[in-house]
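Data block for structure-v5.txt (compact mmCIF, C-alpha atoms (C1' of nucleotides)):
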```txt
# COMPACT_ATOMS: atom_id res chain seq x y z
CA MET L 15 63.82 67.80 33.83
CA PHE L 16 62.68 70.71 35.85
CA ASP L 17 65.68 72.88 36.56
CA GLY L 18 66.12 73.81 32.94
CA ASP L 19 63.02 75.90 32.56
CA GLN L 20 63.00 77.19 36.09
CA GLY L 21 61.89 80.79 36.19
CA LEU L 22 61.31 80.98 32.51
CA LEU L 23 57.61 80.95 32.20
CA TYR L 24 55.25 80.95 35.04
CA TYR L 25 52.08 79.17 34.10
CA ASN L 26 50.65 81.17 31.29
CA ALA L 27 52.94 80.52 28.40
CA SER L 28 51.13 82.79 25.98
CA LYS L 29 52.08 85.95 27.77
CA MET L 30 55.52 84.67 28.71
CA TYR L 31 55.47 86.79 31.78
CA LEU L 32 57.84 86.13 34.59
CA PHE L 33 56.89 85.60 38.16
CA GLY L 34 54.04 87.67 39.50
CA GLN L 35 54.00 90.43 42.01
CA SER L 36 52.42 88.78 44.99
CA MET L 37 54.39 88.37 48.16
CA GLN L 38 56.16 91.62 47.43
CA LEU L 39 56.00 94.96 49.17
CA LYS L 40 53.83 97.49 47.42
CA LYS L 41 55.52 100.49 45.86
CA TYR L 42 53.42 102.49 48.27
CA THR L 43 55.28 100.91 51.19
CA ASP L 44 58.57 101.19 49.41
CA TYR L 45 58.03 104.90 48.81
CA GLY L 46 57.21 105.37 52.47
CA LEU L 47 60.52 103.83 53.50
CA ARG L 48 62.44 105.94 51.02
CA ILE L 49 60.81 109.10 52.31
CA LEU L 50 61.78 108.21 55.86
CA MET L 51 65.35 107.48 54.79
CA TYR L 52 65.49 110.79 53.01
CA LEU L 53 64.36 112.61 56.14
CA ALA L 54 66.70 110.64 58.35
CA SER L 55 69.62 111.63 56.18
CA PHE L 56 69.06 115.23 57.28
CA GLU L 57 68.79 114.17 60.88
CA ALA L 58 72.11 112.39 60.72
CA ASP L 59 73.88 115.48 59.48
CA GLU L 60 75.44 117.08 62.54
CA ASN L 61 76.23 120.19 60.54
CA CYS L 62 72.54 121.04 60.51
CA ALA L 63 71.46 122.56 63.76
CA GLU L 64 67.74 122.43 63.07
CA PRO L 65 66.62 119.70 60.71
CA LYS L 66 65.68 120.84 57.26
CA LEU L 67 62.13 120.41 55.99
CA ALA L 68 61.59 118.26 52.93
CA THR L 69 58.86 118.79 50.38
CA ILE L 70 56.97 116.38 48.19
CA ARG L 71 58.43 118.02 45.09
CA GLU L 72 61.92 117.46 46.45
CA ILE L 73 61.24 113.76 47.10
CA CYS L 74 59.77 113.32 43.63
CA ASP L 75 62.73 115.01 41.98
CA THR L 76 65.21 112.93 43.95
CA PHE L 77 63.63 109.53 43.42
CA GLY L 78 61.87 110.17 40.13
CA LEU L 79 58.40 109.46 41.46
CA SER L 80 54.95 110.82 40.75
CA ALA L 81 53.82 113.60 43.05
CA ASN L 82 50.37 112.19 43.62
CA HIS L 83 51.38 108.87 44.98
CA VAL L 84 54.04 110.39 47.21
CA ASN L 85 51.44 112.88 48.36
CA LYS L 86 49.30 110.06 49.74
CA VAL L 87 52.19 108.28 51.40
CA VAL L 88 53.35 111.47 53.10
CA HIS L 89 49.84 112.06 54.35
CA HIS L 90 49.70 108.51 55.69
CA LEU L 91 53.05 108.86 57.43
CA GLY L 92 51.71 112.01 59.02
CA ARG L 93 48.60 110.23 60.28
CA LEU L 94 50.88 107.57 61.74
CA GLU L 95 52.70 110.38 63.55
CA LEU L 96 56.00 109.26 62.14
CA ILE L 97 56.51 112.61 60.45
CA GLU L 98 55.27 116.09 61.21
CA THR L 99 53.75 117.87 58.24
CA ARG L 100 53.56 121.64 57.91
CA ARG L 101 51.23 123.30 55.45
CA GLY L 102 51.62 126.64 53.84
CA LYS L 103 54.50 128.55 52.38
CA ASN L 104 57.89 127.21 53.43
CA GLY L 105 56.06 124.15 54.70
CA GLY L 106 57.10 120.56 54.30
CA PHE L 107 57.68 117.70 56.67
CA LEU L 108 60.28 116.22 58.98
CA LEU L 109 60.69 113.21 61.22
CA ALA L 110 58.51 113.36 64.31
CA LYS L 111 60.64 110.83 66.17
CA LYS L 112 64.25 109.82 66.39
CA PRO L 113 65.24 107.28 63.73
CA GLU L 114 66.00 104.68 66.39
CA ASP L 115 62.41 104.95 67.60
CA ILE L 116 60.87 104.22 64.21
CA SER L 117 60.51 100.46 63.90
CA LEU L 118 60.68 98.97 60.43
CA ALA L 119 58.14 96.36 61.47
CA PHE L 120 55.69 99.08 62.39
CA VAL L 121 56.22 101.10 59.24
CA ILE L 122 55.89 98.14 56.91
CA ARG L 123 52.96 96.63 58.74
CA GLN L 124 51.06 99.90 58.66
CA LEU L 125 51.81 100.91 55.09
CA GLU L 126 51.45 97.42 53.70
CA GLY L 127 48.27 96.70 55.60
CA ASP L 128 48.09 93.89 58.07
CA GLU L 129 45.89 91.35 56.34
CA LYS L 130 46.37 87.61 56.60
CA TRP L 131 48.81 86.07 54.16
CA ILE L 132 46.34 83.36 53.27
CA GLU L 133 42.62 83.72 52.72
CA CYS L 134 40.41 80.87 53.97
CA GLU L 135 37.03 82.53 53.93
CA ASN L 136 35.71 84.80 51.21
CA PRO L 137 35.38 82.58 49.38
CA TYR L 138 35.03 79.95 52.03
CA CYS L 139 37.24 76.87 51.81
CA VAL L 140 35.57 73.64 52.88
CA ALA L 141 38.76 72.41 54.51
CA LEU L 142 38.82 75.36 56.92
CA PRO L 143 37.61 73.53 60.05
CA ALA L 144 40.32 70.88 59.81
CA CYS L 145 43.08 72.88 58.14
CA GLU L 146 46.45 73.46 59.77
CA LEU L 147 47.78 75.73 57.07
CA LYS L 148 46.30 79.01 58.21
CA GLY L 149 48.02 78.72 61.58
CA ILE L 150 51.36 77.84 60.05
CA VAL L 151 51.32 80.70 57.58
CA ALA L 152 50.09 83.16 60.20
CA ARG L 153 52.96 82.19 62.50
CA GLY L 154 55.42 82.60 59.63
CA LYS L 155 54.12 86.08 59.00
CA GLU L 156 54.60 86.98 62.65
CA LEU L 157 58.15 85.62 62.56
CA PHE L 158 58.83 87.91 59.62
CA TYR L 159 57.61 90.92 61.56
CA ASP L 160 59.35 89.81 64.75
CA TYR L 161 62.55 89.76 62.77
CA LEU L 162 61.88 93.20 61.28
CA SER L 163 61.19 94.62 64.72
CA GLN L 164 64.91 94.25 65.47
CA TYR L 165 65.53 97.03 63.00
CA SER L 166 64.71 100.71 63.01
CA LEU L 167 65.06 103.58 60.61
CA LYS L 168 68.47 104.09 62.17
CA SER L 169 69.48 100.64 60.94
CA LEU L 170 68.96 101.95 57.43
CA MET L 171 71.34 104.85 57.97
CA VAL L 172 74.56 102.88 58.30
CA LYS L 173 75.86 104.63 55.22
CA ALA L 174 74.35 108.00 56.02
CA PRO L 175 77.10 110.12 54.47
CA GLN L 176 76.88 108.22 51.20
CA LEU L 177 73.11 108.53 51.22
CA ARG L 178 73.32 112.26 51.88
CA GLN L 179 75.68 112.59 48.98
CA ILE L 180 73.39 110.60 46.69
CA PHE L 181 70.34 112.57 47.68
CA SER L 182 72.04 115.93 47.26
CA THR L 183 73.37 115.18 43.80
CA ALA L 184 70.33 113.36 42.41
CA SER L 185 68.43 115.93 40.36
CA MET X 10 43.67 109.73 66.94
CA PHE X 11 44.78 106.99 64.67
CA ASP X 12 43.47 103.77 66.12
CA GLY X 13 39.90 104.67 65.47
CA ASP X 14 39.97 104.40 61.72
CA GLN X 15 42.54 101.62 61.61
CA GLY X 16 41.73 99.19 58.85
CA LEU X 17 38.78 101.14 57.62
CA LEU X 18 40.01 102.78 54.52
CA TYR X 19 43.35 102.29 52.99
CA TYR X 20 44.51 105.40 51.21
CA ASN X 21 42.01 105.96 48.49
CA ALA X 22 38.93 107.15 50.27
CA SER X 23 36.79 107.41 47.17
CA LYS X 24 36.68 103.71 46.53
CA MET X 25 36.59 102.80 50.22
CA TYR X 26 38.35 99.58 49.54
CA LEU X 27 39.98 97.64 52.30
CA PHE X 28 43.54 96.55 52.41
CA GLY X 29 45.06 95.36 49.20
CA GLN X 30 46.22 91.96 48.21
CA SER X 31 49.96 92.32 48.33
CA MET X 32 51.96 90.21 50.72
CA GLN X 33 49.42 87.44 50.40
CA LEU X 34 49.68 84.03 48.82
CA LYS X 35 48.15 83.82 45.39
CA LYS X 36 45.01 81.74 44.96
CA TYR X 37 47.13 79.73 42.57
CA THR X 38 49.42 78.69 45.42
CA ASP X 39 46.50 78.18 47.73
CA TYR X 40 44.81 75.87 45.22
CA GLY X 41 48.02 73.89 44.89
CA LEU X 42 48.13 73.28 48.62
CA ARG X 43 44.50 72.26 48.70
CA ILE X 44 45.03 69.79 45.91
CA LEU X 45 47.94 68.23 47.78
CA MET X 46 45.89 68.01 50.96
CA TYR X 47 43.10 66.37 49.04
CA LEU X 48 45.47 63.75 47.65
CA ALA X 49 47.13 63.22 51.01
CA SER X 50 43.77 62.50 52.57
CA PHE X 51 43.54 59.37 50.38
CA GLU X 52 47.04 58.36 51.30
CA ALA X 53 46.23 58.54 54.98
CA ASP X 54 43.34 56.13 54.64
CA GLU X 55 44.69 52.71 55.57
CA ASN X 56 41.54 51.10 54.25
CA CYS X 57 42.66 51.87 50.73
CA ALA X 58 45.25 49.42 49.53
CA GLU X 59 46.21 51.30 46.41
CA PRO X 60 45.71 55.07 46.57
CA LYS X 61 42.76 56.38 44.60
CA LEU X 62 43.29 58.73 41.68
CA ALA X 63 41.76 62.17 41.86
CA THR X 64 40.54 64.14 38.87
CA ILE X 65 40.37 67.84 38.20
CA ARG X 66 36.58 67.67 38.04
CA GLU X 67 36.52 66.08 41.47
CA ILE X 68 38.73 68.81 42.96
CA CYS X 69 36.61 71.53 41.40
CA ASP X 70 33.40 69.99 42.72
CA THR X 71 34.83 69.60 46.19
CA PHE X 72 36.30 73.06 46.57
CA GLY X 73 34.02 74.97 44.21
CA LEU X 74 36.80 76.13 41.92
CA SER X 75 37.09 76.79 38.20
CA ALA X 76 38.41 73.90 36.16
CA ASN X 77 40.83 75.97 34.11
CA HIS X 78 42.80 77.39 36.95
CA VAL X 79 43.00 74.06 38.74
CA ASN X 80 44.06 72.55 35.45
CA LYS X 81 47.13 74.75 35.38
CA VAL X 82 48.04 74.16 38.99
CA VAL X 83 47.79 70.38 38.57
CA HIS X 84 50.02 70.61 35.55
CA HIS X 85 52.55 72.66 37.51
CA LEU X 86 52.51 70.20 40.41
CA GLY X 87 53.18 67.47 37.88
CA ARG X 88 56.16 69.33 36.44
CA LEU X 89 57.46 69.74 39.97
CA GLU X 90 57.19 65.96 40.31
CA LEU X 91 55.10 66.31 43.41
CA ILE X 92 52.23 64.45 41.79
CA GLU X 93 52.04 61.87 39.06
CA THR X 94 49.49 62.64 36.38
CA ARG X 95 47.89 59.99 34.17
CA ARG X 96 46.18 60.89 30.95
CA GLY X 97 43.38 59.09 29.25
CA LYS X 98 40.28 57.35 30.41
CA ASN X 99 40.33 56.47 34.12
CA GLY X 100 43.25 58.86 34.40
CA GLY X 101 43.86 61.41 37.11
CA PHE X 102 46.68 62.13 39.50
CA LEU X 103 48.11 61.05 42.82
CA LEU X 104 50.96 62.00 45.11
CA ALA X 105 54.37 61.10 43.73
CA LYS X 106 56.02 61.23 47.14
CA LYS X 107 55.14 60.52 50.71
CA PRO X 108 53.48 63.49 52.43
CA GLU X 109 56.37 63.79 54.87
CA ASP X 110 58.72 64.28 51.92
CA ILE X 111 56.78 67.22 50.47
CA SER X 112 58.10 70.39 52.09
CA LEU X 113 55.70 73.29 52.46
CA ALA X 114 58.57 75.68 51.88
CA PHE X 115 59.29 74.05 48.54
CA VAL X 116 55.67 73.97 47.42
CA ILE X 117 54.97 77.58 48.32
CA ARG X 118 58.27 78.87 46.98
CA GLN X 119 57.72 77.15 43.64
CA LEU X 120 54.06 77.96 43.15
CA GLU X 121 54.37 81.48 44.46
CA GLY X 122 57.48 82.22 42.49
CA ASP X 123 60.70 83.15 44.23
CA GLU X 124 61.09 86.81 43.42
CA LYS X 125 62.50 89.37 45.83
CA TRP X 126 60.05 90.89 48.26
CA ILE X 127 61.32 94.36 47.47
CA GLU X 128 62.20 95.79 44.11
CA CYS X 129 65.21 98.12 43.94
CA GLU X 130 65.91 98.16 40.25
CA ASN X 131 63.34 98.38 37.49
CA PRO X 132 62.75 101.15 38.08
CA TYR X 133 66.09 101.89 39.63
CA CYS X 134 66.19 103.51 43.06
CA VAL X 135 68.96 106.05 43.55
CA ALA X 136 69.51 104.92 47.11
CA LEU X 137 70.40 101.39 46.01
CA PRO X 138 74.19 101.61 46.46
CA ALA X 139 73.90 102.71 50.07
CA CYS X 140 70.65 101.03 51.05
CA GLU X 141 70.45 98.47 53.83
CA LEU X 142 66.79 97.66 53.30
CA LYS X 143 67.11 95.11 50.53
CA GLY X 144 69.33 92.90 52.66
CA ILE X 145 67.06 93.13 55.67
CA VAL X 146 63.93 92.25 53.73
CA ALA X 147 65.68 89.46 51.86
CA ARG X 148 66.82 87.92 55.12
CA GLY X 149 63.30 88.19 56.49
CA LYS X 150 61.99 86.35 53.49
CA GLU X 151 64.51 83.58 54.02
CA LEU X 152 63.51 83.32 57.67
CA PHE X 153 59.93 82.86 56.56
CA TYR X 154 60.91 79.99 54.29
CA ASP X 155 63.28 78.53 56.85
CA TYR X 156 60.37 78.38 59.21
CA LEU X 157 58.12 76.80 56.60
CA SER X 158 60.72 74.17 55.86
CA GLN X 159 60.00 72.66 59.27
CA TYR X 160 56.64 71.58 57.93
CA SER X 161 55.58 69.07 55.32
CA LEU X 162 52.34 68.03 53.71
CA LYS X 163 52.08 65.53 56.54
CA SER X 164 51.96 68.43 59.00
CA LEU X 165 48.74 69.48 57.32
CA MET X 166 47.13 66.08 57.85
CA VAL X 167 46.86 66.20 61.63
CA LYS X 168 43.11 65.99 61.30
CA ALA X 169 43.11 63.57 58.39
CA PRO X 170 39.92 61.72 59.33
CA GLN X 171 37.98 64.96 59.61
CA LEU X 172 39.40 66.14 56.28
CA ARG X 173 38.44 62.88 54.62
CA GLN X 174 34.96 63.26 55.95
CA ILE X 175 34.71 66.85 54.72
CA PHE X 176 36.01 65.98 51.28
CA SER X 177 33.71 62.98 50.87
CA THR X 178 30.58 64.90 51.81
CA ALA X 179 31.33 68.15 50.00
CA SER X 180 29.40 68.01 46.74
C1' DT O 19 47.41 139.71 49.17
C1' DA O 20 50.07 136.54 46.67
C1' DT O 21 52.34 132.36 46.89
C1' DA O 22 53.86 127.89 48.21
C1' DA O 23 53.00 124.13 50.51
C1' DA O 24 50.03 119.92 52.11
C1' DA O 25 45.12 117.92 52.11
C1' DC O 26 41.48 115.94 49.68
C1' DG O 27 38.37 113.87 46.26
C1' DC O 28 37.55 111.77 42.12
C1' DA O 29 38.84 109.85 37.59
C1' DT O 30 41.82 107.10 34.80
C1' DT O 31 45.41 103.84 33.53
C1' DA O 32 48.34 99.77 33.91
C1' DT O 33 49.31 95.37 35.55
C1' DG O 34 48.70 90.82 36.35
C1' DA O 35 46.01 87.26 38.66
C1' DA O 36 42.02 84.80 37.68
C1' DT O 37 39.06 82.86 34.52
C1' DG O 38 36.99 81.21 30.07
C1' DC O 39 37.12 78.64 25.90
C1' DA O 40 38.66 75.85 22.20
C1' DT O 41 41.53 72.33 20.65
C1' DG O 42 45.07 68.76 20.95
C1' DT O 43 46.78 64.45 22.87
C1' DT O 44 46.83 60.27 25.38
C1' DT O 45 44.80 56.05 27.06
C1' DG O 46 41.54 52.64 28.54
C1' DA O 47 37.15 50.46 27.58
C1' DT O 48 33.79 48.75 24.44
C1' DA T 1 38.68 50.58 15.43
C1' DT T 2 36.16 53.63 17.70
C1' DC T 3 34.63 56.28 21.47
C1' DA T 4 34.93 58.63 25.63
C1' DA T 5 37.33 60.42 29.51
C1' DA T 6 41.00 62.34 31.24
C1' DC T 7 45.15 65.72 31.15
C1' DA T 8 47.95 69.18 28.02
C1' DT T 9 48.21 73.44 25.65
C1' DG T 10 47.47 77.99 23.77
C1' DC T 11 45.16 82.13 23.52
C1' DA T 12 41.54 85.48 24.80
C1' DT T 13 38.97 87.86 28.23
C1' DT T 14 37.58 89.58 32.68
C1' DC T 15 38.30 91.56 37.07
C1' DA T 16 40.63 93.51 41.01
C1' DT T 17 43.49 96.90 42.52
C1' DA T 18 47.82 99.22 42.67
C1' DA T 19 49.48 103.13 40.53
C1' DT T 20 48.85 107.39 38.60
C1' DG T 21 46.75 111.89 37.01
C1' DC T 22 44.33 116.16 37.77
C1' DG T 23 41.84 119.75 39.84
C1' DT T 24 40.32 122.03 43.91
C1' DT T 25 40.60 123.31 48.77
C1' DT T 26 42.87 124.58 52.88
C1' DT T 27 46.60 126.48 55.44
C1' DA T 28 50.42 129.30 56.56
C1' DT T 29 53.90 132.67 55.65
C1' DA T 30 56.36 136.31 53.49
```
Step by step, read the file and then write its structure as C-alpha cells.
Amino acid sequence: MFDGDQGLLYYNASKMYLFGQSMQLKKYTDYGLRILMYLASFEADENCAEPKLATIREICDTFGLSANHVNKVVHHLGRLELIETRRGKNGGFLLAKKPEDISLAFVIRQLEGDEKWIECENPYCVALPACELKGIVARGKELFYDYLSQYSLKSLMVKAPQLRQIFSTAS
Amino acid sequence: MFDGDQGLLYYNASKMYLFGQSMQLKKYTDYGLRILMYLASFEADENCAEPKLATIREICDTFGLSANHVNKVVHHLGRLELIETRRGKNGGFLLAKKPEDISLAFVIRQLEGDEKWIECENPYCVALPACELKGIVARGKELFYDYLSQYSLKSLMVKAPQLRQIFSTAS
DNA sequence: TATAAAACGCATTATGAATGCATGTTTGAT
DNA sequence: ATCAAACATGCATTCATAATGCGTTTTATA
C-alpha cells in the first residue's frame, strides 16, 4: 500500500513538491568545500614550486557560482584561518595549512553552524523534562562528526590529477 | 581571534541572525515523534485495559500546536501504518504496533524524507566525476541512521510515568 | 596613480516549511 | 434519518532564511 507512492509527494499534494531541504548541507558549506578542493588541487601539483593564488572570479568561473556568495565563504574561510587571503592587485587566497591538517569535520561544523539537530525549547515542548529523544539525536549528530573527523581535505584529493584537469578546462 | 565571536553572527552581519536551520529535523518530523510518544504513554499504562484513542485536538492542546500541521502528520503516520486512524464520531488514532517495533530510524527517515545530505547535481558541480565528498557524506548519513536504528519508540518511554503525568496535566 | 583584488554593508529574491481555511467524507449517537 | 464529531483533502497564505545582487570601501601592487 505504501511503497507505491513512496517519494512521490511529500505531504502537500497541491504543490507536488518532492522532499524538502532539511537535513542537507547548505550550499554555503558546499561552496566552502569546493573552494578548498580547488586550492588543494594546486597544492598537489608538484610542478608548481610556489602555490598559485586563486581569486574569487576564478572560482566563480570554474564552478558557475555567484561572486557574492563565494565572497562571503572565502571571507569566512579566512577568519577560520584555513586559507590566507591577500588583498590588492595580484591578490587572492591560498591554503593556510596542509590539506591533511584540514579536518572535514571542522570545516563542515564551522560553515554549517553547530546548532542542535532537534529543537526542544523555543518553542518549549512540554515533554522536555522526561524526553529521551534530544540525547539520542545529539549523540547521533556527534557520531556523524566523529566519522567525518577521520577525513581531511587530503582525503578529497584522491583523484587530484583528474580534478586539476577538470578545473583547468572548466571555463 | 576567532573564538570570541563564535556563534554570534553567521555571515550576514546586517540581519544579525544566528545559525540557520539546515541540518536540523523539521518540526514536521518532531511533531510526528511527539505524537507517537503521546500514544505510547497510553500503551504503557497497565491500568488501561484497552488503549485510549487520541484526537488531533487533544494533541494540539497538549503540545500547543496548530491543528492543520498536526493533521497532516497524523495522516502521514497513518499511511506509514504506524498508527491506526478511525474516522467519525468517537474516532481518533492509536498505535498500530508495539512501541518496541517502531524504529526511530524508520520514523525519522520517512517523515524527514530520505534525500541526500549533499547535492552534486541540480545544479551540476564540475568536480562530480572526481569528487570523494559525496561518498563520505552519504556514508556519514547512513551511520547516523544505523545508530538510530538501535532505538525504538519504547526507548523514548523510559520515563513513561512522568510523561503520562505531564501529558495529563498540560492543558 | 591606476588598477585589481578582497572586505563590508545593505537590499532583494527565491525557496520551502509552516500555517490557515474551507470543504469533503466517514461513523457513531440520538 | 439526522446530527455531530472526528479524520481526509486541497488550496492559499505567511514566514523564515538561504541565496543572491549591488555598490562602496579598503588594501596592495605594478
Worksheet entry | Non-local contacts of Gln164 in chain L (9 Å; only C-alpha atoms (C1' of nucleotides); under 6 positions in same chain excluded) as a list in words | Ser117, Leu118 and Ala119 of chain L
Item to complete: Compute the set of chain T residues within 6 Å of chain L, using all atoms listed in the file, and express it as a list in words.
Response: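 Residues of chain T within 6 Å of chain L, counting all atoms listed in the file: DT27, DA28 and DT29 of chain T.
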Output chain L as a short mmCIF file (atom, residue, chain, number, x, y, z; two decimals) with C-alpha atoms, in the frame of the given file, after least-squares fitting it to chain X on all in-order C-alpha pairs.
```cif
data_model
loop_
_atom_site.label_atom_id
_atom_site.label_comp_id
_atom_site.auth_asym_id
_atom_site.auth_seq_id
_atom_site.Cartn_x
_atom_site.Cartn_y
_atom_site.Cartn_z
CA MET L 15 43.87 109.88 66.97
CA PHE L 16 44.92 107.03 64.83
CA ASP L 17 43.50 103.87 66.32
CA GLY L 18 39.95 104.89 65.59
CA ASP L 19 40.09 104.66 61.84
CA GLN L 20 42.57 101.83 61.74
CA GLY L 21 41.75 99.44 58.94
CA LEU L 22 38.83 101.44 57.74
CA LEU L 23 40.08 103.02 54.62
CA TYR L 24 43.40 102.42 53.12
CA TYR L 25 44.56 105.46 51.25
CA ASN L 26 42.04 105.94 48.54
CA ALA L 27 38.94 107.09 50.31
CA SER L 28 36.80 107.31 47.21
CA LYS L 29 36.73 103.60 46.64
CA MET L 30 36.61 102.79 50.34
CA TYR L 31 38.40 99.58 49.70
CA LEU L 32 40.04 97.72 52.49
CA PHE L 33 43.60 96.61 52.57
CA GLY L 34 45.09 95.40 49.33
CA GLN L 35 46.17 91.99 48.27
CA SER L 36 49.91 92.28 48.31
CA MET L 37 51.92 90.19 50.70
CA GLN L 38 49.38 87.42 50.35
CA LEU L 39 49.64 84.02 48.76
CA LYS L 40 48.11 83.82 45.33
CA LYS L 41 45.00 81.71 44.90
CA TYR L 42 47.11 79.70 42.50
CA THR L 43 49.39 78.68 45.37
CA ASP L 44 46.47 78.17 47.67
CA TYR L 45 44.80 75.85 45.18
CA GLY L 46 48.01 73.88 44.86
CA LEU L 47 48.11 73.27 48.60
CA ARG L 48 44.48 72.24 48.68
CA ILE L 49 45.03 69.76 45.88
CA LEU L 50 47.94 68.21 47.75
CA MET L 51 45.88 67.99 50.93
CA TYR L 52 43.10 66.34 49.01
CA LEU L 53 45.48 63.74 47.64
CA ALA L 54 47.12 63.20 50.99
CA SER L 55 43.77 62.49 52.55
CA PHE L 56 43.56 59.37 50.38
CA GLU L 57 47.07 58.40 51.31
CA ALA L 58 46.27 58.59 54.99
CA ASP L 59 43.36 56.22 54.64
CA GLU L 60 44.69 52.80 55.61
CA ASN L 61 41.54 51.18 54.31
CA CYS L 62 42.68 51.93 50.77
CA ALA L 63 45.26 49.47 49.62
CA GLU L 64 46.23 51.33 46.47
CA PRO L 65 45.73 55.07 46.57
CA LYS L 66 42.80 56.36 44.61
CA LEU L 67 43.33 58.69 41.66
CA ALA L 68 41.80 62.14 41.83
CA THR L 69 40.57 64.10 38.84
CA ILE L 70 40.40 67.80 38.17
CA ARG L 71 36.61 67.62 38.01
CA GLU L 72 36.55 66.02 41.44
CA ILE L 73 38.76 68.77 42.92
CA CYS L 74 36.62 71.47 41.35
CA ASP L 75 33.41 69.94 42.66
CA THR L 76 34.84 69.56 46.15
CA PHE L 77 36.31 73.03 46.52
CA GLY L 78 34.03 74.93 44.17
CA LEU L 79 36.80 76.08 41.87
CA SER L 80 37.09 76.71 38.15
CA ALA L 81 38.42 73.80 36.14
CA ASN L 82 40.82 75.87 34.09
CA HIS L 83 42.79 77.32 36.90
CA VAL L 84 43.01 73.99 38.70
CA ASN L 85 44.08 72.46 35.41
CA LYS L 86 47.16 74.70 35.34
CA VAL L 87 48.05 74.10 38.96
CA VAL L 88 47.80 70.34 38.54
CA HIS L 89 50.04 70.55 35.51
CA HIS L 90 52.54 72.61 37.48
CA LEU L 91 52.52 70.17 40.38
CA GLY L 92 53.20 67.44 37.87
CA ARG L 93 56.18 69.30 36.42
CA LEU L 94 57.47 69.72 39.96
CA GLU L 95 57.20 65.94 40.31
CA LEU L 96 55.11 66.29 43.42
CA ILE L 97 52.24 64.43 41.80
CA GLU L 98 52.07 61.83 39.07
CA THR L 99 49.53 62.60 36.37
CA ARG L 100 47.92 59.96 34.18
CA ARG L 101 46.18 60.86 30.95
CA GLY L 102 43.43 59.00 29.26
CA LYS L 103 40.33 57.23 30.42
CA ASN L 104 40.35 56.43 34.13
CA GLY L 105 43.29 58.79 34.42
CA GLY L 106 43.89 61.35 37.10
CA PHE L 107 46.71 62.08 39.48
CA LEU L 108 48.14 61.02 42.81
CA LEU L 109 50.98 61.99 45.11
CA ALA L 110 54.38 61.08 43.72
CA LYS L 111 56.02 61.24 47.14
CA LYS L 112 55.13 60.54 50.72
CA PRO L 113 53.46 63.50 52.44
CA GLU L 114 56.35 63.81 54.88
CA ASP L 115 58.71 64.32 51.94
CA ILE L 116 56.77 67.23 50.47
CA SER L 117 58.07 70.40 52.09
CA LEU L 118 55.66 73.30 52.44
CA ALA L 119 58.53 75.70 51.86
CA PHE L 120 59.26 74.06 48.54
CA VAL L 121 55.66 73.97 47.40
CA ILE L 122 54.96 77.57 48.29
CA ARG L 123 58.23 78.87 46.94
CA GLN L 124 57.71 77.12 43.62
CA LEU L 125 54.04 77.94 43.12
CA GLU L 126 54.34 81.47 44.42
CA GLY L 127 57.47 82.22 42.46
CA ASP L 128 60.66 83.14 44.20
CA GLU L 129 61.05 86.82 43.41
CA LYS L 130 62.48 89.36 45.81
CA TRP L 131 60.04 90.90 48.25
CA ILE L 132 61.31 94.36 47.46
CA GLU L 133 62.21 95.78 44.08
CA CYS L 134 65.21 98.13 43.93
CA GLU L 135 65.91 98.15 40.23
CA ASN L 136 63.32 98.34 37.49
CA PRO L 137 62.76 101.12 38.07
CA TYR L 138 66.10 101.87 39.60
CA CYS L 139 66.18 103.51 43.03
CA VAL L 140 68.96 106.04 43.50
CA ALA L 141 69.50 104.93 47.08
CA LEU L 142 70.38 101.39 45.99
CA PRO L 143 74.17 101.60 46.46
CA ALA L 144 73.87 102.74 50.07
CA CYS L 145 70.61 101.05 51.05
CA GLU L 146 70.40 98.48 53.83
CA LEU L 147 66.76 97.66 53.30
CA LYS L 148 67.08 95.12 50.53
CA GLY L 149 69.31 92.92 52.68
CA ILE L 150 67.02 93.14 55.68
CA VAL L 151 63.90 92.27 53.73
CA ALA L 152 65.66 89.48 51.85
CA ARG L 153 66.79 87.93 55.14
CA GLY L 154 63.25 88.20 56.50
CA LYS L 155 61.94 86.36 53.49
CA GLU L 156 64.46 83.58 54.02
CA LEU L 157 63.46 83.33 57.69
CA PHE L 158 59.87 82.87 56.56
CA TYR L 159 60.86 80.01 54.29
CA ASP L 160 63.24 78.53 56.85
CA TYR L 161 60.31 78.41 59.22
CA LEU L 162 58.05 76.81 56.61
CA SER L 163 60.67 74.18 55.86
CA GLN L 164 59.94 72.67 59.29
CA TYR L 165 56.58 71.61 57.93
CA SER L 166 55.54 69.10 55.32
CA LEU L 167 52.32 68.03 53.71
CA LYS L 168 52.06 65.54 56.55
CA SER L 169 51.92 68.45 58.99
CA LEU L 170 48.70 69.48 57.29
CA MET L 171 47.11 66.09 57.84
CA VAL L 172 46.83 66.21 61.62
CA LYS L 173 43.08 66.00 61.27
CA ALA L 174 43.09 63.57 58.38
CA PRO L 175 39.89 61.73 59.30
CA GLN L 176 37.96 64.98 59.57
CA LEU L 177 39.38 66.15 56.26
CA ARG L 178 38.45 62.87 54.59
CA GLN L 179 34.95 63.25 55.90
CA ILE L 180 34.71 66.83 54.66
CA PHE L 181 36.02 65.96 51.24
CA SER L 182 33.73 62.97 50.83
CA THR L 183 30.59 64.86 51.75
CA ALA L 184 31.33 68.12 49.94
CA SER L 185 29.42 67.94 46.66
#
```
Fill in: Interface, chain L side, toward chain X (8 Å; all atoms listed in the file) as a PyMOL selection string
chain L and resi 16+21+24-25+33-40+44+76-77+86+90+93-94+126-132+139-141+144-147+150-151+154-155+157-158+161-162+169-174+176-177+180-181+184
Discussion item. What does the structure give for the distance between C1' of DA4 in chain T and C1' of DT44 in chain O, in Å to one decimal?
Written reply: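 It comes out at 12.0 Å.
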Practice prompt. Using all atoms listed in the file, find the residues of chain O whose closest atom to chain L is at most 8 Å away, then write them as a list in words.
Written response: DT21, DA22, DA23, DA24, DA25 and DG34 of chain O
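CA of Glu135 in chain L to C1' of DT17 in chain T spans 19.5 Å [interatomic distance, one decimal].
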